[in-house]
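Reading through the structure tokens given below for one structure.
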Number of protein chains: 2
Amino acid sequence: MSGNTDPLPGEFALIAEIFAPLATDPGAFNLTDDAAIIPVTPGQDLVLTADMLSAGVHFFADDAPAHIAQKMLRANLSDLAAKGATPHGYLLTVALPRSITLNWLREFADGLRRDQHTYGITLLGGDTTATDGPLTLSVTAIGRVPAGQMLRRSGARPGDGIYVTGSIGDSALGLMIRNGKLSGLSAQHTDYLVERYLLPQPRSVLASHLHGKVSAAIDISDGLAADLGHICHASNLGARVRAGDIPLSDAARACANVPLAQLITGGDDYELLLAIPPKHALELQNICNSLGVPLTHIGEFTVEPGIIFLDGKGAEIDLTTTGYQHF
Amino acid sequence: MSGNTDPLPGEFALIAEIFAPLATDPGAFNLTDDAAIIPVTPGQDLVLTADMLSAGVHFFADDAPAHIAQKMLRANLSDLAAKGATPHGYLLTVALPRSITLNWLREFADGLRRDQHTYGITLLGGDTTATDGPLTLSVTAIGRVPAGQMLRRSGARPGDGIYVTGSIGDSALGLMIRNGKLSGLSAQHTDYLVERYLLPQPRSVLASHLHGKVSAAIDISDGLAADLGHICHASNLGARVRAGDIPLSDAARACANVPLAQLITGGDDYELLLAIPPKHALELQNICNSLGVPLTHIGEFTVEPGIIFLDGKGAEIDLTTTGYQHF
């Protein structure tokens, strides 16, 4: 425990050493003031989204600090991507338990720095405080969209295709591995799934291409089934999903004894679920191909309410009771 | 403890009942989406500031829920006022311990609602999560300023007057009363000081009048001495303060045995400290008079470094060792 006892410097020193180097935007004033500025650009709206994460709920207290930082940022970047928003920056507040060391914070900041570089964002401001409770983080992420064009959960129309990026269920499987509830996989598949849980890949690169081509969007954080439900609810529609078309990674296909229901309810995918009118489907598929983002057509939105999963013969599957296997 | 055991509804129900009614701005989409929009106005910058507050550190867990809500908002509104920013709205994330009841949240929301009405702001978004630790709140407040005109800590010039709004030290005394460390006051003075601690009065009404008339500004949250130090540090100046001119309320004057040093280091005043060039002093004094905001000239910024407090004869007072009495 000797590494856990180096006292943290005071708040101002902590800001100067750990956080100020991350505040590279001129509007952050190097964190020397109480506030940040976002200059506005005519014709753009700002999109804001906020998340609170707590050790023991959203991550394990002993997760690598850089991974905690990166997953936190990426979850919010995924929210922005689903809004069609180009990321601009974020504010971060942290409640630090006494067990947090300066070294922990340096590794945490290193994770932030790496993802700031990857996604072109910067720290704009924040606050630190002490807590007797678990490490708690709150992020407000800010992005930009063309005025009036933020993508919504509502807006899907009957006949729009249901599309998802990437593959579904990897993160849920990665969490099962971390919790000791799934084993026997190859080292390669194990590493892949755990990495998908720890380091989601928000589809930021796609955000600016979605305007005018998708009628509704959401990022899959609660699970494919739940987030499809959110779009159906907001758009007042139902959905028919071809279960066999739900994209699964090779690693997920190797977990043949995990029912599909677990993959589509596990959450933390941070892929995009898009409602795409047929007339835009080919164009968007081509864009995704050129960006290297897998895009898969898994079903249609319908006037008839309810979300129905169909097997290869078009028969309805009751995912909740049959333990439908995905292999 | 029977009142503490009613289970909270799920997150979506909680948002619908408690928080959605507070999200009256169209850009908040009634909290039915994952993000809020702030339409931009040409010629304006957005100002953002974030705070994290934790029970046991920033407030008492048994403070009235409405007071916790209001003090949280007002501390952030005070930050915006010091930037010359007109408040627009806020995002709020909350980590709720199991001891928080639905009734507690209703009272908390009622405090938010009242101050939203008073200050013309609205809830724009947020997040709720559970925690095993203390109640923790994080606010990102958003305001608007004319482009390029956010007030800074830097910018004060030698010869600028040091001005403060309202009275100093009331909140520190109110906290002493709450902690049982100050007694013997009249009921009227006691109530006044505790109220000043619980419900600060951010000077939002003044914000839009400061542009072009003050050279630097800060809100007094760390104490007059520390926040004056922040401006001096950022502006690379010193300060000479006439201790006898520091504005004190009648209730503070009644606390004759509390040294002045405690009043100017206690913090939580949420008054404004302004650097005003002599040529703008009269105009700003007249504006404050017309707005009903007391404004007091307490000293000057100087080329010579250091912050010096002077007695009525112009001699330097060592506040740290003499226990200088303010009566």
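The chains in the structure tokens are called A, B, ... from first to last as shown; in each chain the residues are counted from 1, and the ligands are counted from 1 in the order shown.
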Check: which chain A residues lie within 6 Å of chain B using only C-alpha atoms, as a list of chain:residue names: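 Selected residues: A:Ala35, A:Ala36, A:Ile37, A:Ile38, A:Pro39, A:Val40, A:Pro42, A:Asp45, A:Leu46, A:Val47, A:Leu48, A:Thr49, A:Ala50, A:Asp51, A:Met52, A:Thr93, A:Gly126, A:Asp127, A:Gly133, A:Pro134.
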Residues of stretch 146-204 of chain A in strand (DSSP E or B), written as a VMD selection string: chain A and resid 146 161 to 165
Distance query A:Ile308 at most 9 Å, only C-alpha atoms, self and fewer than 6 positions along chain excluded, as a list in words: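 My list of contacting residues is Gly238, Ala239, Arg240, Val241, Arg242, Glu316, Ile317 and Asp318 of chain A.
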Straight-line distance linking atom CA of A:Asp62 with atom CA of A:Leu272, stated in Å to one decimal: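 According to the coordinates, atom CA of A:Asp62 and atom CA of A:Leu272 are separated by 28.8 Å.
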Point-to-point distance in Å for atom CA of B:Ile18 and atom CA of B:Arg106: 6.5 Å
Nearby residues (only C-alpha atoms) at most 7 Å from stretch 273-281 of chain A, same-chain spacing under 3 positions excluded, as a PyMOL selection string: chain A and resi 156+160-165+213-220+284-285
All alpha helix (DSSP H) positions in stretch 155-263 of chain A, as an MDAnalysis selection string: chainID A and resid 170:178 187:198 204:207 224:235 250:253 260:263
Between atom CA of A:Asp170 and atom CA of A:His209, distance in Å (one decimal):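 If I compute the distance from atom CA of A:Asp170 to atom CA of A:His209, I get 25.4 Å.
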Spatial neighbours of B:Trp104, max dist 10 Å, only C-alpha atoms, sep filter under 3 positions, as a list in words: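 Near neighbours after the sequence-gap exclusion: Gly3, Asn4, Ala64, Pro65, Ala66, Ser99, Ile100, Thr101, Glu107, Phe108, Ala109 and Asp110 of chain B.
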Surrounding residues of stretch 193-203 of chain A excluding itself and chain neighbours under 5 positions, 8 Å, only C-alpha atoms, as a PyMOL selection string: chain A and resi 67-68+70-71+74-75+77-78+81+170-175+177-178+251-252+268-272+293
Selection: 12 Å around B:Asn289, only C-alpha atoms, excl. self and same-chain fewer than 6 positions, as number ranges by chain: B: 165-166, 206, 282-283, 295-296
Using only C-alpha atoms: which of B:Thr118, B:Thr86, B:Ser249, B:Ser290 has the shortest distance to B:Ser208: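 Closest to B:Ser208, using only C-alpha atoms: B:Thr86.
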